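Here is the structure we will look at, set down as structure tokens.
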Amino acid sequence: MSQEQPNNPLHGIKLADVLQFLVSEFGWEELSDEVNINCFKTNPSINSSLKFLRRTPWARDKVEKLYLQTKKD
């Protein structure tokens, strides 16, 4: 059974896909300016950033909001 979530615009979108989109859109340096997170500044990589974002809800919220804002524009 698949559950649809019409009020969740991120439903079905993986965090890795969100992060890859933002890195391709902004690059690491500009992304670290947009979202002030150390894992985007010091030796950034998709894997290390994913580990941090999965453990840190406030940082994940900021990244997801930036993704939605960027996709909207």
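Numbering starts fresh at 1 for the residues of each chain in the structure tokens, the chains themselves are lettered A, B, ... in the order given, and ligands are numbered from 1 as they appear.
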Exercise for the section: Would you mind listing what lies within 12 Å of stretch 35-42 of chain A as a PyMOL selection string, with only C-alpha atoms counted and same-chain residues fewer than 2 positions away left out? Expected result: chain A and resi 19+22-23+26-33+44-53+56+58-67
Convert the current residue selection to file output with C-alpha atoms, as a PDB file, in the first residue's frame.
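Okay, again.pdb is ready:
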ATOM      1  CA  LEU A  19      21.787  17.728  -1.764  1.00  0.00           C
ATOM      2  CA  LEU A  22      21.756  22.107  -4.455  1.00  0.00           C
ATOM      3  CA  VAL A  23      25.449  21.402  -5.052  1.00  0.00           C
ATOM      4  CA  PHE A  26      25.078  26.590  -6.138  1.00  0.00           C
ATOM      5  CA  GLY A  27      28.393  24.776  -5.679  1.00  0.00           C
ATOM      6  CA  TRP A  28      29.821  24.080  -2.233  1.00  0.00           C
ATOM      7  CA  GLU A  29      31.086  27.604  -1.548  1.00  0.00           C
ATOM      8  CA  GLU A  30      27.822  29.377  -2.329  1.00  0.00           C
ATOM      9  CA  LEU A  31      25.848  26.614  -0.612  1.00  0.00           C
ATOM     10  CA  SER A  32      27.857  27.216   2.567  1.00  0.00           C
ATOM     11  CA  ASP A  33      26.967  30.918   2.289  1.00  0.00           C
ATOM     12  CA  PRO A  44      32.724  19.052   1.717  1.00  0.00           C
ATOM     13  CA  SER A  45      31.421  15.839   0.221  1.00  0.00           C
ATOM     14  CA  ILE A  46      28.002  14.387  -0.430  1.00  0.00           C
ATOM     15  CA  ASN A  47      28.552  11.459   1.949  1.00  0.00           C
ATOM     16  CA  SER A  48      29.815  13.481   4.910  1.00  0.00           C
ATOM     17  CA  SER A  49      27.072  16.058   4.437  1.00  0.00           C
ATOM     18  CA  LEU A  50      24.401  13.359   4.278  1.00  0.00           C
ATOM     19  CA  LYS A  51      25.644  11.834   7.550  1.00  0.00           C
ATOM     20  CA  PHE A  52      25.511  15.219   9.251  1.00  0.00           C
ATOM     21  CA  LEU A  53      22.100  16.185   7.848  1.00  0.00           C
ATOM     22  CA  THR A  56      20.895  17.089  12.694  1.00  0.00           C
ATOM     23  CA  TRP A  58      17.691  21.800  12.244  1.00  0.00           C
ATOM     24  CA  ALA A  59      20.330  21.636   9.505  1.00  0.00           C
ATOM     25  CA  ARG A  60      18.211  19.283   7.408  1.00  0.00           C
ATOM     26  CA  ASP A  61      15.270  21.684   7.724  1.00  0.00           C
ATOM     27  CA  LYS A  62      17.391  24.558   6.415  1.00  0.00           C
ATOM     28  CA  VAL A  63      18.619  22.518   3.457  1.00  0.00           C
ATOM     29  CA  GLU A  64      15.116  21.308   2.615  1.00  0.00           C
ATOM     30  CA  LYS A  65      13.732  24.855   2.794  1.00  0.00           C
ATOM     31  CA  LEU A  66      16.465  26.098   0.469  1.00  0.00           C
ATOM     32  CA  TYR A  67      15.679  23.245  -1.939  1.00  0.00           C
TER      33      TYR A  67
END
Problem - For atom CA of A:Lys72 and atom CA of A:Pro9, the interatomic separation in Å (one decimal) - result: 10.9 Å
Practice task
Could you give me, as a ChimeraX atom specification, each residue of chain A that DSSP assigns to alpha helix (DSSP H) when run on this structure's backbone?
Solution key: /A:15-34,46-55,57-72
